[in-house]
Amino acid sequence: MRYRQLGRSGLRVSEIGLGSWLTYGWHVERERAVPCIRRAFELGINFLDTANVYGRGACESFLGEALRGVPRDSYVIATKVFFAMSDTDRGLSAAQIHKQIDASLRRLRTDYVDLYQCHRFDPDTPLEETMNALTEVVRQGKARYIGFSEWTPAQIRAAAAIPNVVRFVSSQPQYSMLWRAPEAEVIPLCEELGIGQIVWSPLSQGVLTGKYLPGKPLPPESRGATSVGGTSPAGSFLYRRFLEPRVLEIVQRLRPLAAEAGLTLAQLAIAWILRQPGVASAIIGATRIEQIEENARAAGVTLDPSLVRAVEDVLSSLHALVPA
């Protein structure tokens, strides 16, 4: 495993991070989830990402239990705030930020988190109020650094212009071969401001593993199959366009390129993300140890320029189908 500095912070995070959205604490049995976390640590993964809203606290509670006895300075843990935790608890007001950080710390069984992130932008709260509250959280020692997820360039600039507040060190965008929107403005702006990227969905909800085949039924236990049936919360996040036959055909064209480089398709997709200078870590989700082991091998991979050009030639066919 290799490690990168996260923006202008003192955090060094593993190139592969382990996320808990739709997995640990509510959709994956403890008997499977705990071994996944242990194996991640064995492979050198030190960055764990969660949020208070995942399972309405269930993921944080699970992690707090699973990490009991693990030296606190051996891992970097990030959580988030914004989405509804009850009918009245939502957003980025000062009251909510102080209430939710305390609740997250109780569930995680720790005195501080390394990174506290705004899960989305809150248009109903003055940005100055949010930034001042986050600054208080850091000065109180409850979080070491702060970040955001899925903010627009205008929102990022507005936060950077507020005086006398703690600065963001991380951005958590959706970014993959199939979703390249951050390349246009977010990543360059963040590089200018010293903000690192911790990418979510680098495998496009599993589509870039190649398990979804054009013209074939969806694997019955896959996230795509349960989403299409409307039985999983993944339905609101799994972009159906990624499952279009034309997109799946393009994904399959990447498989021989990966094989020539001695990589699986998933490893190629993650290494392609990590080649971006502004990216500090690619956050994976895993329900099986084998997935963690495969994805962790993408750390430290250097892609030959000729391979990158070949990949870009294939991906150029996607521009009319998904955002570039």
# chains A, B, ... in the order shown; residues from 1 in each chain; ligands from 1
>>> residues_around(residues="Ala286 (chain A)", least_positions_apart="4", cutoff="12 Å", atoms="only C-alpha atoms", output="PyMOL selection string")
chain A and resi 16-24+27-28+32-37+39-40+201+203+205-206+223+290-296
>>> write_last_selection(atoms="N, CA, C and O atoms", output="short mmCIF file (atom, residue, chain, number, x, y, z; two decimals), in the first residue's frame")
data_model
loop_
_atom_site.label_atom_id
_atom_site.label_comp_id
_atom_site.auth_asym_id
_atom_site.auth_seq_id
_atom_site.Cartn_x
_atom_site.Cartn_y
_atom_site.Cartn_z
N ILE A 16 -5.96 3.52 -1.34
CA ILE A 16 -7.27 2.85 -1.33
C ILE A 16 -7.91 3.10 0.02
O ILE A 16 -7.31 2.82 1.06
N GLY A 17 -9.11 3.66 0.02
CA GLY A 17 -9.86 3.86 1.26
C GLY A 17 -11.02 2.88 1.30
O GLY A 17 -11.47 2.38 0.26
N LEU A 18 -11.52 2.61 2.49
CA LEU A 18 -12.64 1.68 2.65
C LEU A 18 -13.87 2.46 3.11
O LEU A 18 -13.86 3.10 4.16
N GLY A 19 -14.92 2.41 2.31
CA GLY A 19 -16.16 3.10 2.63
C GLY A 19 -17.18 2.17 3.26
O GLY A 19 -17.01 0.95 3.26
N SER A 20 -18.27 2.76 3.76
CA SER A 20 -19.28 1.95 4.44
C SER A 20 -20.69 2.25 3.97
O SER A 20 -21.66 1.80 4.57
N TRP A 21 -20.81 3.00 2.88
CA TRP A 21 -22.14 3.29 2.34
C TRP A 21 -22.77 2.01 1.82
O TRP A 21 -22.17 1.28 1.05
N LEU A 22 -24.00 1.73 2.23
CA LEU A 22 -24.75 0.54 1.81
C LEU A 22 -24.08 -0.77 2.20
O LEU A 22 -24.37 -1.81 1.62
N THR A 23 -23.16 -0.72 3.16
CA THR A 23 -22.49 -1.96 3.53
C THR A 23 -22.50 -2.16 5.03
O THR A 23 -23.47 -2.70 5.58
N TYR A 24 -21.45 -1.73 5.71
CA TYR A 24 -21.24 -2.13 7.09
C TYR A 24 -22.26 -1.53 8.06
O TYR A 24 -22.55 -0.34 8.01
N HIS A 27 -26.38 -3.43 5.90
CA HIS A 27 -26.69 -4.33 4.79
C HIS A 27 -25.76 -5.54 4.71
O HIS A 27 -26.00 -6.43 3.92
N VAL A 28 -24.70 -5.54 5.50
CA VAL A 28 -23.77 -6.66 5.51
C VAL A 28 -23.68 -7.19 6.93
O VAL A 28 -23.47 -6.43 7.87
N ARG A 32 -19.46 -10.98 8.29
CA ARG A 32 -18.72 -10.72 7.06
C ARG A 32 -18.00 -9.38 7.10
O ARG A 32 -16.94 -9.21 6.51
N ALA A 33 -18.59 -8.41 7.78
CA ALA A 33 -18.05 -7.06 7.77
C ALA A 33 -16.77 -6.93 8.58
O ALA A 33 -15.81 -6.28 8.13
N VAL A 34 -16.72 -7.52 9.76
CA VAL A 34 -15.53 -7.39 10.60
C VAL A 34 -14.29 -7.96 9.91
O VAL A 34 -13.22 -7.32 9.90
N PRO A 35 -14.36 -9.16 9.32
CA PRO A 35 -13.18 -9.66 8.60
C PRO A 35 -12.73 -8.76 7.46
O PRO A 35 -11.53 -8.67 7.17
N CYS A 36 -13.68 -8.08 6.82
CA CYS A 36 -13.30 -7.14 5.75
C CYS A 36 -12.44 -6.02 6.30
O CYS A 36 -11.42 -5.64 5.70
N ILE A 37 -12.85 -5.46 7.42
CA ILE A 37 -12.08 -4.37 8.01
C ILE A 37 -10.71 -4.85 8.48
O ILE A 37 -9.69 -4.18 8.26
N ARG A 39 -8.99 -7.34 7.28
CA ARG A 39 -8.14 -7.59 6.12
C ARG A 39 -7.66 -6.29 5.50
O ARG A 39 -6.51 -6.20 5.04
N ALA A 40 -8.52 -5.28 5.49
CA ALA A 40 -8.12 -3.97 4.97
C ALA A 40 -6.92 -3.43 5.74
O ALA A 40 -5.95 -2.94 5.14
N SER A 201 -17.15 6.05 -5.43
CA SER A 201 -17.62 5.30 -6.60
C SER A 201 -16.62 5.27 -7.74
O SER A 201 -16.98 5.51 -8.90
N LEU A 203 -15.52 2.77 -9.12
CA LEU A 203 -15.90 1.66 -9.99
C LEU A 203 -17.32 1.81 -10.52
O LEU A 203 -17.92 0.85 -11.03
N GLN A 205 -20.31 2.09 -9.13
CA GLN A 205 -21.24 1.17 -8.49
C GLN A 205 -21.05 -0.27 -8.98
O GLN A 205 -22.00 -1.04 -9.08
N GLY A 206 -19.80 -0.61 -9.29
CA GLY A 206 -19.48 -1.98 -9.70
C GLY A 206 -19.51 -2.22 -11.19
O GLY A 206 -19.08 -3.28 -11.65
N ARG A 223 -25.67 -5.36 -6.98
CA ARG A 223 -26.35 -4.13 -6.59
C ARG A 223 -27.27 -3.65 -7.70
O ARG A 223 -28.36 -3.14 -7.47
N GLU A 290 -12.21 -10.86 -0.74
CA GLU A 290 -11.58 -10.96 -2.06
C GLU A 290 -11.65 -9.63 -2.82
O GLU A 290 -10.74 -9.28 -3.57
N GLN A 291 -12.74 -8.89 -2.63
CA GLN A 291 -12.87 -7.59 -3.29
C GLN A 291 -11.82 -6.61 -2.77
O GLN A 291 -11.22 -5.86 -3.55
N ILE A 292 -11.62 -6.61 -1.47
CA ILE A 292 -10.62 -5.72 -0.89
C ILE A 292 -9.23 -6.07 -1.39
O ILE A 292 -8.44 -5.21 -1.76
N GLU A 293 -8.92 -7.37 -1.42
CA GLU A 293 -7.61 -7.81 -1.86
C GLU A 293 -7.35 -7.42 -3.32
O GLU A 293 -6.27 -6.94 -3.67
N GLU A 294 -8.36 -7.62 -4.17
CA GLU A 294 -8.19 -7.26 -5.58
C GLU A 294 -8.00 -5.76 -5.75
O GLU A 294 -7.07 -5.31 -6.44
N ASN A 295 -8.85 -4.98 -5.12
CA ASN A 295 -8.77 -3.52 -5.30
C ASN A 295 -7.51 -2.93 -4.69
O ASN A 295 -6.96 -1.95 -5.22
N ALA A 296 -7.05 -3.49 -3.59
CA ALA A 296 -5.85 -2.97 -2.93
C ALA A 296 -4.62 -3.10 -3.83
O ALA A 296 -3.67 -2.31 -3.72
#
>>> residues_around(residues="Val81 (chain A)", least_positions_apart="4", cutoff="8 Å", atoms="only C-alpha atoms", output="PDB file with N, CA, C and O atoms, in the first residue's frame")
ATOM      1  N   ALA A  51     -20.503   8.040   7.326  1.00  0.00           N
ATOM      2  CA  ALA A  51     -21.357   9.223   7.477  1.00  0.00           C
ATOM      3  C   ALA A  51     -22.400   8.924   8.528  1.00  0.00           C
ATOM      4  O   ALA A  51     -22.802   7.767   8.722  1.00  0.00           O
ATOM      5  N   ASN A  52     -22.879   9.971   9.195  1.00  0.00           N
ATOM      6  CA  ASN A  52     -23.889   9.741  10.220  1.00  0.00           C
ATOM      7  C   ASN A  52     -25.176   9.166   9.633  1.00  0.00           C
ATOM      8  O   ASN A  52     -25.864   8.364  10.266  1.00  0.00           O
ATOM      9  N   VAL A  53     -25.490   9.525   8.384  1.00  0.00           N
ATOM     10  CA  VAL A  53     -26.764   9.106   7.793  1.00  0.00           C
ATOM     11  C   VAL A  53     -26.748   7.661   7.308  1.00  0.00           C
ATOM     12  O   VAL A  53     -27.814   7.096   7.070  1.00  0.00           O
ATOM     13  N   GLY A  91     -29.153  19.255   7.901  1.00  0.00           N
ATOM     14  CA  GLY A  91     -28.530  20.486   7.441  1.00  0.00           C
ATOM     15  C   GLY A  91     -27.220  20.817   8.123  1.00  0.00           C
ATOM     16  O   GLY A  91     -26.665  20.023   8.889  1.00  0.00           O
ATOM     17  N   LEU A  92     -26.739  22.041   7.843  1.00  0.00           N
ATOM     18  CA  LEU A  92     -25.429  22.485   8.303  1.00  0.00           C
ATOM     19  C   LEU A  92     -25.508  23.743   9.158  1.00  0.00           C
ATOM     20  O   LEU A  92     -24.615  24.581   9.137  1.00  0.00           O
ATOM     21  N   ILE A  97     -24.505  21.060  13.398  1.00  0.00           N
ATOM     22  CA  ILE A  97     -23.113  20.610  13.346  1.00  0.00           C
ATOM     23  C   ILE A  97     -22.622  20.208  14.725  1.00  0.00           C
ATOM     24  O   ILE A  97     -22.013  19.144  14.903  1.00  0.00           O
ATOM     25  N   GLN A 100     -24.570  16.958  15.814  1.00  0.00           N
ATOM     26  CA  GLN A 100     -24.237  15.748  15.063  1.00  0.00           C
ATOM     27  C   GLN A 100     -22.795  15.300  15.265  1.00  0.00           C
ATOM     28  O   GLN A 100     -22.528  14.087  15.261  1.00  0.00           O
ATOM     29  N   ILE A 101     -21.856  16.213  15.457  1.00  0.00           N
ATOM     30  CA  ILE A 101     -20.487  15.763  15.709  1.00  0.00           C
ATOM     31  C   ILE A 101     -20.422  15.023  17.033  1.00  0.00           C
ATOM     32  O   ILE A 101     -19.760  13.987  17.153  1.00  0.00           O
ATOM     33  N   TYR A 116     -13.953  15.775   9.119  1.00  0.00           N
ATOM     34  CA  TYR A 116     -15.394  15.985   9.259  1.00  0.00           C
ATOM     35  C   TYR A 116     -15.876  16.699   8.000  1.00  0.00           C
ATOM     36  O   TYR A 116     -15.427  17.815   7.702  1.00  0.00           O
ATOM     37  N   GLN A 117     -16.794  16.060   7.275  1.00  0.00           N
ATOM     38  CA  GLN A 117     -17.157  16.539   5.950  1.00  0.00           C
ATOM     39  C   GLN A 117     -18.619  16.993   5.862  1.00  0.00           C
ATOM     40  O   GLN A 117     -19.508  16.357   6.433  1.00  0.00           O
ATOM     41  N   CYS A 118     -18.834  18.038   5.102  1.00  0.00           N
ATOM     42  CA  CYS A 118     -20.190  18.470   4.768  1.00  0.00           C
ATOM     43  C   CYS A 118     -20.670  17.572   3.631  1.00  0.00           C
ATOM     44  O   CYS A 118     -20.147  17.646   2.510  1.00  0.00           O
ATOM     45  N   HIS A 119     -21.664  16.749   3.914  1.00  0.00           N
ATOM     46  CA  HIS A 119     -22.082  15.722   2.954  1.00  0.00           C
ATOM     47  C   HIS A 119     -22.646  16.339   1.675  1.00  0.00           C
ATOM     48  O   HIS A 119     -22.553  15.743   0.597  1.00  0.00           O
TER      49      HIS A 119
END
>>> residues_around(residues="Ala280 (chain A)", least_positions_apart="4", cutoff="9 Å", atoms="only C-alpha atoms", output="mmCIF file with N, CA and C atoms, in the first residue's frame")
data_model
loop_
_atom_site.group_PDB
_atom_site.id
_atom_site.type_symbol
_atom_site.label_atom_id
_atom_site.label_comp_id
_atom_site.auth_asym_id
_atom_site.auth_seq_id
_atom_site.Cartn_x
_atom_site.Cartn_y
_atom_site.Cartn_z
ATOM 1 N N TYR A 3 0.783 5.702 0.304
ATOM 2 C CA TYR A 3 0.041 6.733 1.022
ATOM 3 C C TYR A 3 0.305 8.095 0.389
ATOM 4 N N ARG A 4 -0.696 8.964 0.484
ATOM 5 C CA ARG A 4 -0.589 10.300 -0.080
ATOM 6 C C ARG A 4 -1.070 11.318 0.945
ATOM 7 N N GLN A 5 -0.478 12.496 0.872
ATOM 8 C CA GLN A 5 -0.932 13.577 1.733
ATOM 9 C C GLN A 5 -2.276 14.074 1.237
ATOM 10 N N LEU A 6 -3.188 14.317 2.163
ATOM 11 C CA LEU A 6 -4.521 14.790 1.811
ATOM 12 C C LEU A 6 -4.527 16.316 1.810
ATOM 13 N N GLY A 7 -4.480 16.901 0.607
ATOM 14 C CA GLY A 7 -4.483 18.352 0.495
ATOM 15 C C GLY A 7 -3.370 18.966 1.327
ATOM 16 N N ARG A 12 -1.951 11.581 6.125
ATOM 17 C CA ARG A 12 -1.489 10.723 5.045
ATOM 18 C C ARG A 12 -2.449 9.537 4.966
ATOM 19 N N VAL A 13 -3.109 9.444 3.842
ATOM 20 C CA VAL A 13 -4.154 8.427 3.679
ATOM 21 C C VAL A 13 -3.721 7.393 2.652
ATOM 22 N N SER A 14 -4.180 6.173 2.836
ATOM 23 C CA SER A 14 -3.872 5.105 1.894
ATOM 24 C C SER A 14 -4.524 5.403 0.551
ATOM 25 N N GLU A 15 -3.850 5.015 -0.527
ATOM 26 C CA GLU A 15 -4.384 5.262 -1.858
ATOM 27 C C GLU A 15 -5.743 4.588 -2.051
ATOM 28 N N ILE A 16 -5.965 3.517 -1.338
ATOM 29 C CA ILE A 16 -7.269 2.851 -1.332
ATOM 30 C C ILE A 16 -7.914 3.099 0.022
ATOM 31 N N GLY A 196 -7.429 18.225 -1.436
ATOM 32 C CA GLY A 196 -7.242 16.926 -2.072
ATOM 33 C C GLY A 196 -8.569 16.234 -2.345
ATOM 34 N N GLN A 197 -8.537 15.272 -3.260
ATOM 35 C CA GLN A 197 -9.737 14.514 -3.624
ATOM 36 C C GLN A 197 -9.715 13.131 -2.978
ATOM 37 N N ILE A 198 -10.809 12.768 -2.330
ATOM 38 C CA ILE A 198 -11.025 11.396 -1.877
ATOM 39 C C ILE A 198 -12.281 10.916 -2.602
ATOM 40 N N VAL A 199 -12.065 10.132 -3.619
ATOM 41 C CA VAL A 199 -13.077 9.850 -4.625
ATOM 42 C C VAL A 199 -14.033 8.745 -4.185
ATOM 43 N N LEU A 274 -6.285 7.025 -9.751
ATOM 44 C CA LEU A 274 -5.163 7.423 -8.902
ATOM 45 C C LEU A 274 -4.053 8.116 -9.680
ATOM 46 N N GLN A 276 -4.508 10.655 -11.431
ATOM 47 C CA GLN A 276 -4.830 12.080 -11.356
ATOM 48 C C GLN A 276 -4.088 12.695 -10.158
#
>>> atom_distance(atom1="CA of Ala154 (chain A)", atom2="CA of Glu185 (chain A)")
10.0 Å
>>> atom_distance(atom1="CA of Phe47 (chain A)", atom2="CA of Ile77 (chain A)")
6.0 Å
>>> closest_atom_pairs(of="region 143-245 of chain A", to="region 256-265 of chain A", cutoff="8 Å", atoms="only C-alpha atoms", output="tab-separated table")
residue	atom	partner	partner_atom	distance
A:Leu208	CA	A:Leu265	CA	6.6
A:Thr209	CA	A:Leu265	CA	5.6
A:Gly210	CA	A:Leu265	CA	6.6
>>> select_by_dssp(residues="region 272-313 of chain A", states="strand (DSSP E or B)", output="PyMOL selection string")
chain A and resi 279-284
>>> write_last_selection(atoms="all heavy atoms", output="mmCIF file, in the first residue's frame")
data_model
loop_
_atom_site.group_PDB
_atom_site.id
_atom_site.type_symbol
_atom_site.label_atom_id
_atom_site.label_comp_id
_atom_site.auth_asym_id
_atom_site.auth_seq_id
_atom_site.Cartn_x
_atom_site.Cartn_y
_atom_site.Cartn_z
ATOM 1 N N VAL A 279 -5.843 13.478 -6.740
ATOM 2 C CA VAL A 279 -6.544 12.428 -5.998
ATOM 3 C C VAL A 279 -5.634 11.840 -4.923
ATOM 4 O O VAL A 279 -4.533 11.368 -5.222
ATOM 5 C CB VAL A 279 -7.037 11.316 -6.944
ATOM 6 C CG1 VAL A 279 -7.628 10.150 -6.143
ATOM 7 C CG2 VAL A 279 -8.082 11.868 -7.911
ATOM 8 N N ALA A 280 -6.097 11.850 -3.686
ATOM 9 C CA ALA A 280 -5.334 11.261 -2.586
ATOM 10 C C ALA A 280 -5.737 9.814 -2.336
ATOM 11 O O ALA A 280 -4.897 8.978 -1.996
ATOM 12 C CB ALA A 280 -5.527 12.074 -1.307
ATOM 13 N N SER A 281 -7.029 9.509 -2.497
ATOM 14 C CA SER A 281 -7.503 8.159 -2.194
ATOM 15 C C SER A 281 -8.757 7.845 -2.996
ATOM 16 O O SER A 281 -9.574 8.737 -3.264
ATOM 17 C CB SER A 281 -7.808 8.022 -0.693
ATOM 18 O OG SER A 281 -8.154 6.696 -0.348
ATOM 19 N N ALA A 282 -8.890 6.588 -3.386
ATOM 20 C CA ALA A 282 -10.101 6.099 -4.044
ATOM 21 C C ALA A 282 -10.842 5.219 -3.048
ATOM 22 O O ALA A 282 -10.291 4.226 -2.555
ATOM 23 C CB ALA A 282 -9.746 5.304 -5.301
ATOM 24 N N ILE A 283 -12.068 5.585 -2.731
ATOM 25 C CA ILE A 283 -12.840 4.877 -1.709
ATOM 26 C C ILE A 283 -13.602 3.729 -2.350
ATOM 27 O O ILE A 283 -14.424 3.931 -3.248
ATOM 28 C CB ILE A 283 -13.819 5.830 -1.006
ATOM 29 C CG1 ILE A 283 -13.074 6.983 -0.347
ATOM 30 C CG2 ILE A 283 -14.647 5.078 0.029
ATOM 31 C CD1 ILE A 283 -13.980 8.078 0.184
ATOM 32 N N ILE A 284 -13.338 2.533 -1.888
ATOM 33 C CA ILE A 284 -14.028 1.350 -2.391
ATOM 34 C C ILE A 284 -15.056 0.873 -1.374
ATOM 35 O O ILE A 284 -14.952 1.150 -0.178
ATOM 36 C CB ILE A 284 -13.046 0.206 -2.699
ATOM 37 C CG1 ILE A 284 -12.349 -0.254 -1.410
ATOM 38 C CG2 ILE A 284 -12.040 0.646 -3.753
ATOM 39 C CD1 ILE A 284 -11.602 -1.554 -1.531
#
>>> residues_around(residues="Glu128 (chain A)", least_positions_apart="3", cutoff="12 Å", atoms="only C-alpha atoms", output="VMD selection string")
chain A and resid 92 to 94 122 to 125 131 to 135 155 158 to 166
>>> residues_around(residues="region 107-110 of chain A", least_positions_apart="5", cutoff="6 Å", atoms="only C-alpha atoms", output="list of chain:residue names")
A:Glu60, A:Ser61, A:Gly64
>>> closest_residue(among="A:Arg56, A:Glu65, A:Val207, A:Pro173", to="Ser86 (chain A)", atoms="only C-alpha atoms")
A:Arg56
>>> residues_around(residues="region 139-151 of chain A", least_positions_apart="2", cutoff="6 Å", atoms="only C-alpha atoms", output="ChimeraX atom specification")
/A:112-120,136-137,168-173
>>> closest_residue(among="A:Met177, A:Phe41, A:Ala58, A:Gln96", to="Val70 (chain A)", atoms="only C-alpha atoms")
A:Phe41
>>> atom_distance(atom1="CA of Phe83 (chain A)", atom2="CA of Arg180 (chain A)")
24.6 Å
>>> residues_around(residues="Val308 (chain A)", least_positions_apart="2", cutoff="12 Å", atoms="only C-alpha atoms", output="PyMOL selection string")
chain A and resi 177+254+257-258+261+268-269+271-273+275-276+302-306+310-315
>>> write_last_selection(atoms="N, CA, C and O atoms", output="tab-separated table (two decimals), in the first residue's frame")
chain	number	residue	atom	x	y	z
A	177	MET	N	-14.07	6.47	-14.52
A	177	MET	CA	-13.98	6.48	-15.98
A	177	MET	C	-15.32	6.84	-16.62
A	177	MET	O	-15.35	7.41	-17.71
A	254	LEU	N	-12.59	-2.36	-22.49
A	254	LEU	CA	-11.46	-2.04	-21.63
A	254	LEU	C	-10.80	-3.29	-21.06
A	254	LEU	O	-9.64	-3.25	-20.63
A	257	LEU	N	-7.43	-4.42	-22.53
A	257	LEU	CA	-6.38	-3.46	-22.19
A	257	LEU	C	-5.87	-3.71	-20.78
A	257	LEU	O	-4.65	-3.64	-20.52
A	258	ALA	N	-6.78	-3.99	-19.87
A	258	ALA	CA	-6.38	-4.32	-18.50
A	258	ALA	C	-5.54	-5.59	-18.48
A	258	ALA	O	-4.50	-5.67	-17.81
A	261	ALA	N	-1.99	-5.30	-19.41
A	261	ALA	CA	-1.18	-4.66	-18.37
A	261	ALA	C	-1.05	-5.52	-17.12
A	261	ALA	O	-0.45	-5.10	-16.13
A	268	LEU	N	-7.56	-1.64	-13.16
A	268	LEU	CA	-7.29	-0.62	-14.16
A	268	LEU	C	-8.10	0.64	-13.87
A	268	LEU	O	-7.57	1.76	-13.94
A	269	ALA	N	-9.38	0.46	-13.54
A	269	ALA	CA	-10.25	1.62	-13.28
A	269	ALA	C	-9.76	2.42	-12.08
A	269	ALA	O	-9.79	3.66	-12.11
A	271	ALA	N	-6.59	2.41	-10.80
A	271	ALA	CA	-5.29	3.00	-11.12
A	271	ALA	C	-5.46	4.21	-12.03
A	271	ALA	O	-4.71	5.19	-11.92
A	272	TRP	N	-6.44	4.16	-12.92
A	272	TRP	CA	-6.71	5.30	-13.80
A	272	TRP	C	-7.12	6.52	-12.98
A	272	TRP	O	-6.70	7.64	-13.26
A	273	ILE	N	-7.93	6.30	-11.93
A	273	ILE	CA	-8.32	7.39	-11.03
A	273	ILE	C	-7.11	7.93	-10.27
A	273	ILE	O	-6.90	9.14	-10.15
A	275	ARG	N	-4.07	8.02	-11.01
A	275	ARG	CA	-3.05	8.72	-11.79
A	275	ARG	C	-3.28	10.23	-11.79
A	275	ARG	O	-2.38	11.00	-12.11
A	276	GLN	N	-4.51	10.66	-11.43
A	276	GLN	CA	-4.83	12.08	-11.36
A	276	GLN	C	-4.09	12.69	-10.16
A	276	GLN	O	-4.27	12.26	-9.01
A	302	THR	N	1.54	2.12	-11.79
A	302	THR	CA	1.81	3.20	-12.73
A	302	THR	C	1.39	2.75	-14.12
A	302	THR	O	1.88	1.74	-14.63
A	303	LEU	N	0.48	3.48	-14.74
A	303	LEU	CA	-0.02	3.11	-16.05
A	303	LEU	C	0.89	3.68	-17.14
A	303	LEU	O	1.23	4.86	-17.11
A	304	ASP	N	1.28	2.84	-18.07
A	304	ASP	CA	2.10	3.28	-19.20
A	304	ASP	C	1.33	4.31	-20.01
A	304	ASP	O	0.13	4.18	-20.22
A	305	PRO	N	2.00	5.37	-20.47
A	305	PRO	CA	1.30	6.39	-21.27
A	305	PRO	C	0.57	5.83	-22.48
A	305	PRO	O	-0.51	6.32	-22.84
A	306	SER	N	1.11	4.79	-23.10
A	306	SER	CA	0.43	4.20	-24.26
A	306	SER	C	-0.86	3.53	-23.84
A	306	SER	O	-1.86	3.56	-24.59
A	310	ALA	N	-4.71	4.45	-25.00
A	310	ALA	CA	-5.64	3.44	-25.49
A	310	ALA	C	-6.95	3.47	-24.71
A	310	ALA	O	-8.04	3.33	-25.29
A	311	VAL	N	-6.85	3.65	-23.40
A	311	VAL	CA	-8.05	3.76	-22.58
A	311	VAL	C	-8.86	4.98	-22.98
A	311	VAL	O	-10.09	4.91	-23.12
A	312	GLU	N	-8.19	6.10	-23.17
A	312	GLU	CA	-8.89	7.32	-23.55
A	312	GLU	C	-9.58	7.16	-24.91
A	312	GLU	O	-10.68	7.70	-25.13
A	313	ASP	N	-8.96	6.43	-25.81
A	313	ASP	CA	-9.60	6.18	-27.11
A	313	ASP	C	-10.91	5.43	-26.93
A	313	ASP	O	-11.91	5.74	-27.59
A	314	VAL	N	-10.92	4.45	-26.05
A	314	VAL	CA	-12.14	3.70	-25.78
A	314	VAL	C	-13.17	4.58	-25.10
A	314	VAL	O	-14.35	4.61	-25.47
A	315	LEU	N	-12.73	5.35	-24.11
A	315	LEU	CA	-13.66	6.17	-23.35
A	315	LEU	C	-14.24	7.32	-24.16
A	315	LEU	O	-15.29	7.86	-23.82
>>> select_by_dssp(residues="region 85-300 of chain A", states="helix (DSSP H, G or I)", output="JSON, numbers by chain")
{"A": [94, 95, 96, 97, 98, 99, 100, 101, 102, 103, 104, 105, 106, 107, 108, 127, 128, 129, 130, 131, 132, 133, 134, 135, 136, 137, 138, 139, 153, 154, 155, 156, 157, 158, 159, 160, 181, 182, 183, 186, 187, 188, 189, 190, 191, 192, 193, 207, 208, 209, 223, 224, 225, 226, 227, 228, 233, 234, 235, 236, 240, 241, 242, 243, 245, 246, 247, 248, 249, 250, 251, 252, 253, 254, 255, 256, 257, 258, 259, 260, 265, 266, 267, 268, 269, 270, 271, 272, 273, 274, 289, 290, 291, 292, 293, 294, 295, 296]}
>>> closest_residue(among="A:Cys59, A:Met1, A:Asp87, A:Tyr75", to="Gly44 (chain A)", atoms="only C-alpha atoms")
A:Met1
